[in-house]
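**Q** Sharing coords.cif here; it has mmCIF, C-alpha atoms.
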```
data_target
#
loop_
_atom_site.label_atom_id
_atom_site.label_comp_id
_atom_site.auth_asym_id
_atom_site.auth_seq_id
_atom_site.Cartn_x
_atom_site.Cartn_y
_atom_site.Cartn_z
CA MET U 24 -59.75 -2.53 16.55
CA SER U 25 -61.50 -4.70 13.99
CA ILE U 26 -65.20 -5.48 14.21
CA LEU U 27 -64.39 -9.21 14.42
CA LEU U 28 -62.17 -8.72 17.45
CA VAL U 29 -64.80 -6.68 19.23
CA LEU U 30 -67.37 -9.40 18.50
CA VAL U 31 -65.09 -12.16 19.80
CA LEU U 32 -64.47 -10.31 23.05
CA TYR U 33 -68.17 -9.57 23.45
CA LEU U 34 -69.21 -13.13 22.75
CA GLN U 35 -66.70 -14.83 24.96
CA ALA U 36 -67.43 -12.57 27.88
CA SER U 37 -71.10 -11.92 27.15
CA SER U 38 -72.48 -9.95 30.02
CA GLN U 39 -75.88 -10.74 31.42
CA VAL U 40 -78.29 -10.47 28.55
CA ALA U 41 -81.75 -11.73 27.91
CA ARG U 42 -81.36 -15.11 26.25
CA PRO U 43 -84.23 -17.07 24.77
CA ALA U 44 -85.22 -20.16 26.71
CA PRO U 45 -83.87 -23.35 25.13
CA VAL U 46 -86.22 -24.99 22.63
CA ASP U 47 -85.84 -28.30 20.85
CA ASP U 48 -88.79 -27.85 18.53
CA LEU U 49 -88.05 -28.93 14.95
CA GLU U 50 -90.53 -26.37 13.66
CA THR U 51 -88.67 -23.58 15.43
CA CYS U 52 -85.25 -25.20 15.01
CA PRO U 53 -84.94 -26.35 11.41
CA ALA U 54 -82.28 -28.83 10.36
CA VAL U 55 -78.73 -27.59 9.99
CA PRO U 56 -77.78 -27.01 6.31
CA ASN U 57 -74.42 -28.77 6.66
CA GLU U 58 -73.35 -28.67 3.02
CA ALA U 59 -74.20 -25.01 2.58
CA ASN U 60 -72.53 -24.11 5.89
CA ALA U 61 -69.34 -25.92 4.87
CA GLU U 62 -69.08 -23.56 1.89
CA ARG U 63 -69.45 -20.36 3.92
CA ASP U 64 -66.60 -18.10 4.90
CA TRP U 65 -65.69 -18.82 8.55
CA GLU U 66 -66.34 -15.29 9.85
CA ASP U 67 -69.70 -15.15 8.09
CA PHE U 68 -70.65 -18.58 9.43
CA GLU U 69 -69.41 -18.01 12.98
CA PHE U 70 -70.71 -14.49 13.59
CA SER U 71 -73.77 -14.02 11.39
CA THR U 72 -77.03 -13.57 13.28
CA ASP U 73 -79.21 -12.94 10.25
CA LYS U 74 -78.32 -15.79 7.87
CA PRO U 75 -80.23 -19.01 8.53
CA GLY U 76 -78.05 -21.96 9.46
CA SER U 77 -75.32 -20.15 11.37
CA PRO U 78 -74.83 -20.96 15.05
CA MET U 79 -75.69 -17.47 16.24
CA TRP U 80 -78.85 -17.48 14.15
CA TYR U 81 -79.96 -20.69 15.89
CA ALA U 82 -78.95 -19.35 19.32
CA ASP U 83 -81.04 -16.21 18.81
CA LEU U 84 -84.05 -18.52 18.34
CA GLY U 85 -83.23 -20.45 21.52
CA CYS U 86 -82.09 -23.41 19.40
CA TYR U 87 -78.85 -23.92 21.33
CA ARG U 88 -78.53 -27.61 20.49
CA ARG U 89 -78.88 -26.80 16.79
CA ALA U 90 -76.33 -24.00 17.21
CA ALA U 91 -73.88 -26.47 18.75
CA GLU U 92 -74.67 -28.98 16.01
CA ALA U 93 -73.95 -26.36 13.34
CA SER U 94 -70.61 -25.59 14.99
CA ARG U 95 -69.68 -29.26 15.34
CA GLU U 96 -70.61 -30.09 11.77
CA CYS U 97 -68.69 -27.13 10.36
CA LEU U 98 -65.64 -28.04 12.47
CA THR U 99 -65.72 -31.57 11.02
CA ARG U 100 -67.04 -30.95 7.48
CA GLY U 101 -66.01 -27.40 6.70
CA PRO U 102 -62.65 -26.00 5.72
CA LEU U 103 -59.75 -26.70 8.04
CA LEU U 104 -59.35 -23.86 10.48
CA GLY U 105 -56.31 -22.32 12.07
CA VAL U 106 -55.73 -22.60 15.81
CA ARG U 107 -57.39 -19.24 16.51
CA GLU U 108 -60.55 -19.90 14.51
CA SER U 109 -60.88 -23.44 15.84
CA ALA U 110 -60.51 -22.23 19.44
CA ILE U 111 -63.20 -19.58 18.94
CA SER U 112 -65.58 -22.09 17.32
CA HIS U 113 -65.01 -24.61 20.13
CA LEU U 114 -65.64 -21.95 22.78
CA HIS U 115 -68.87 -20.86 21.12
CA MET U 116 -70.00 -24.48 20.69
CA ALA U 117 -69.34 -25.10 24.38
CA ARG U 118 -71.40 -22.07 25.36
CA TYR U 119 -74.31 -23.17 23.14
CA LEU U 120 -74.28 -26.59 24.80
CA ALA U 121 -74.14 -24.98 28.25
CA PHE U 122 -77.09 -22.70 27.41
CA ALA U 123 -78.97 -25.84 26.28
CA GLY U 124 -78.35 -27.39 29.70
CA ASP U 125 -75.69 -29.87 28.54
CA GLU U 126 -72.87 -28.71 30.80
CA ALA U 127 -71.02 -32.05 30.55
CA GLY U 128 -71.02 -31.79 26.75
CA ALA U 129 -69.94 -28.16 27.03
CA ALA U 130 -66.99 -29.15 29.20
CA LEU U 131 -65.92 -31.67 26.54
CA ALA U 132 -66.21 -29.07 23.77
CA LEU U 133 -63.99 -26.68 25.74
CA GLY U 134 -61.13 -29.15 25.32
CA GLY U 135 -60.70 -27.74 21.81
CA ALA U 136 -60.97 -24.11 22.89
CA ARG U 137 -57.54 -23.66 24.43
CA ARG U 138 -54.94 -22.04 22.20
CA SER U 139 -51.36 -23.09 21.66
CA ASP U 140 -50.58 -20.19 19.34
CA GLN U 141 -49.56 -16.68 20.19
CA ARG U 142 -51.87 -13.75 19.53
CA THR U 143 -51.29 -11.65 16.47
CA ALA U 144 -50.63 -7.94 16.89
CA ALA U 145 -54.14 -7.22 15.59
CA GLU U 146 -55.88 -9.15 18.36
CA ILE U 147 -57.08 -7.81 21.68
CA ALA U 148 -54.61 -8.71 24.45
CA LEU U 149 -56.31 -11.54 26.34
CA ASP U 150 -55.31 -14.45 28.52
CA TRP U 151 -57.58 -16.65 26.43
CA ASN U 152 -56.65 -19.92 28.14
CA ALA U 153 -57.30 -18.56 31.65
CA TYR U 154 -60.81 -17.63 30.55
CA VAL U 155 -61.43 -21.03 28.95
CA GLU U 156 -60.08 -22.87 32.01
CA GLY U 157 -62.21 -20.75 34.37
CA LEU U 158 -65.31 -21.51 32.32
CA TYR U 159 -64.37 -25.19 32.41
CA GLY U 160 -64.03 -24.97 36.20
CA PHE U 161 -67.62 -23.72 36.40
CA LEU U 162 -68.96 -26.44 34.12
CA VAL U 163 -67.30 -29.30 36.01
CA LYS U 164 -67.93 -27.60 39.38
CA ASP U 165 -64.26 -27.17 40.25
CA ARG U 166 -64.47 -24.00 42.32
CA GLY U 167 -60.71 -23.91 42.95
CA LEU U 168 -59.96 -23.81 39.20
CA LEU U 169 -62.67 -21.22 38.51
CA ASP U 170 -61.56 -18.92 41.30
CA ALA U 171 -57.84 -19.25 40.46
CA ARG U 172 -58.47 -18.25 36.83
CA LEU U 173 -60.83 -15.50 37.97
CA GLU U 174 -58.04 -14.04 40.13
CA THR U 175 -55.61 -14.23 37.18
CA LEU U 176 -58.01 -12.25 35.00
CA ARG U 177 -58.98 -9.75 37.72
CA THR U 178 -55.36 -8.81 38.33
CA SER U 179 -54.38 -8.60 34.66
CA PRO U 180 -53.36 -5.19 33.30
CA ASN U 181 -55.42 -5.91 30.16
CA GLU U 182 -58.97 -4.57 30.01
CA GLY U 183 -60.06 -7.58 27.94
CA ASP U 184 -58.97 -9.92 30.73
CA ARG U 185 -60.77 -7.87 33.37
CA TYR U 186 -63.90 -7.95 31.18
CA ASN U 187 -63.68 -11.75 30.98
CA GLY U 188 -62.96 -11.79 34.72
CA ARG U 189 -66.29 -10.08 35.32
CA ASN U 190 -67.99 -12.89 33.43
CA LEU U 191 -66.19 -15.50 35.53
CA SER U 192 -67.18 -13.57 38.67
CA TRP U 193 -70.84 -14.05 37.73
CA LEU U 194 -70.21 -17.78 37.37
CA SER U 195 -68.41 -17.83 40.71
CA ARG U 196 -71.15 -15.84 42.41
CA CYS U 197 -73.81 -18.29 41.12
CA PHE U 198 -71.59 -21.36 41.21
CA GLU U 199 -74.35 -23.81 42.21
CA ARG U 200 -76.71 -22.64 39.50
CA THR U 201 -76.92 -23.61 35.84
CA TYR U 202 -74.87 -21.82 33.20
CA MET U 203 -78.04 -20.29 31.72
CA GLU U 204 -79.07 -18.93 35.12
CA ALA U 205 -75.60 -17.61 35.91
CA GLN U 206 -75.50 -15.79 32.57
CA THR U 207 -79.01 -14.35 32.64
CA ASP U 208 -80.09 -13.80 36.25
CA ALA U 209 -79.40 -10.20 37.26
CA ALA U 210 -78.61 -11.36 40.81
CA CYS U 211 -75.51 -13.13 39.46
CA ALA U 212 -74.22 -9.89 37.95
CA VAL U 213 -74.60 -7.74 41.06
CA GLU U 214 -71.18 -6.91 42.45
CA PRO U 215 -71.00 -7.38 46.22
CA GLY U 216 -70.88 -4.17 48.26
CA PRO U 217 -67.87 -3.21 50.35
CA ALA U 218 -67.17 -5.39 53.39
CA ARG U 219 -68.26 -3.86 56.68
#
```
Taking this structure as input, can you express it in the form of structure tokens?
**A**
Amino acid sequence: MSILLVLVLYLQASSQVARPAPVDDLETCPAVPNEANAERDWEDFEFSTDKPGSPMWYADLGCYRRAAEASRECLTRGPLLGVRESAISHLHMARYLAFAGDEAGAALALGGARRSDQRTAAEIALDWNAYVEGLYGFLVKDRGLLDARLETLRTSPNEGDRYNGRNLSWLSRCFERTYMEAQTDAACAVEPGPAR
């Protein structure tokens, strides 16, 4: 399994991890180098955490709005992407916006995250669209949509889907909370005990 595929699965499902609090400080969150980013290779731009200007670099600083801005600018100014790359970039942009507290903007960004193409043989078997739609259900507070997609992923024979289902279960468990809280509060990750 390629490193990129492992990273994509990890990032889309992202278990509860410590995330920096959102900051909108220009000193901490320098301007996005749009022209330089547009020249970068997509994988380097999308997944680099150590090169200034990439979305993940900004997110690691707590600069989620800048991370989303970097994604948006690269989607509009950078090289044209294939369906797969565009969907991944849109999903990441939506998550950055959600971490920043802009859940309405995140829901809009998810519109570009669904995929019309079929997976290549090299990709992890995932029901990508079910995950995207479940995340959308959380962001727009449509519990029926979230829980229906959660059930689809929970009952999938693919480990990648069950992994993403665990992420949606955290969102379902903390449905009334913010995306940041649902992704970082350990109480949202605790699986309920057996029914008595």
**Q** Kindly resolve the PyMOL selection byres ((chain U and resi 45-57) around 10) on the present coordinates and return the residues as a ChimeraX atom specification.
**A** /U:42-44,58-62,75-78,81-90,92-97,100-101,119,122-124,203
**Q** Could you work out how far CA of Leu194 (chain U) lies from CA of Gly135 (chain U), giving the answer in Å with one decimal?
**A** 20.8 Å
**Q** Which polymer residues have any atom within 7 Å of an atom of Arg138 (chain U), counting all atoms listed in the file, with same-chain residues fewer than 2 positions away left out, as a list in words?
**A**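 Contacts, with the query itself left out: Val106, Arg107, Ala110, Ala136, Asp140 and Asn152 of chain U.
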**Q** Kindly indicate which residue among U:Ser192, U:Glu146, U:Trp65, U:Ala41 lies nearest to Leu103 (chain U), using all atoms listed in the file for the distances.
**A**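 That would be U:Trp65, the residue with the smallest distance to Leu103 (chain U).
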**Q** For the structure shown, which residues end up in the PyMOL selection byres ((chain U and resi 189) around 9)? Put them as a list of chain:residue names, please?
**A**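 Those residues are U:Ala36, U:Ser38, U:Leu173, U:Leu176, U:Arg177, U:Asp184, U:Arg185, U:Tyr186, U:Asn187, U:Gly188, U:Asn190, U:Leu191, U:Ser192, U:Trp193, U:Leu194, U:Ala212.
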**Q** Which residues, written as a compact mmCIF listing (two decimals) with C-alpha atoms, keeping the file's coordinate frame, have at least one atom at most 7 Å from Leu168 (chain U), with all atoms listed in the file counted and residues fewer than 4 positions away on the same chain left out?
**A**
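The result, stored in selection-v2.txt:
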```
# COMPACT_ATOMS: atom_id res chain seq x y z
CA GLY U 157 -62.21 -20.75 34.37
CA GLY U 160 -64.03 -24.97 36.20
CA ARG U 172 -58.47 -18.25 36.83
```
**Q** To one decimal in Å, tell me the separation between CA of Glu66 (chain U) and CA of Ser179 (chain U).
**A** 28.3 Å
**Q** Take the PyMOL selection byres ((chain U and resi 128) around 12), run it mentally on this structure, and tell me the resulting residues as a PyMOL selection string.
**A** chain U and resi 88+91-92+95+113-114+116-127+129-134+159+162-163
**Q** Report, in Å with one decimal, the straight-line distance from CA of Glu108 (chain U) to CA of Pro180 (chain U).
**A**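 CA of Glu108 (chain U) sits 24.9 Å away from CA of Pro180 (chain U).
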**Q** My list of candidates is U:Leu98, U:Ile111, U:Asp165, U:Glu204. Which is closest to Trp151 (chain U) when distances are computed with all atoms listed in the file?
**A**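 For Trp151 (chain U), the nearest of the candidates is U:Ile111.
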**Q** When distances are computed from all atoms listed in the file, which of U:His115, U:Arg63, U:Arg137, U:Arg196 shows the smallest separation from Val155 (chain U)?
**A**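 Of U:His115, U:Arg63, U:Arg137, U:Arg196, the one nearest Val155 (chain U) is U:Arg137, counting all atoms listed in the file.
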**Q** Write out as a CSV table (one decimal) with C-alpha atoms, keeping the file's coordinate frame the residues lying within 9 Å of Leu149 (chain U), counting all atoms listed in the file and excluding same-chain residues fewer than 4 positions away.
**A**
```csv
chain,number,residue,atom,x,y,z
U,32,LEU,CA,-64.5,-10.3,23.0
U,142,ARG,CA,-51.9,-13.8,19.5
U,153,ALA,CA,-57.3,-18.6,31.6
U,154,TYR,CA,-60.8,-17.6,30.6
U,176,LEU,CA,-58.0,-12.2,35.0
U,181,ASN,CA,-55.4,-5.9,30.2
U,182,GLU,CA,-59.0,-4.6,30.0
U,183,GLY,CA,-60.1,-7.6,27.9
U,184,ASP,CA,-59.0,-9.9,30.7
U,187,ASN,CA,-63.7,-11.8,31.0
```
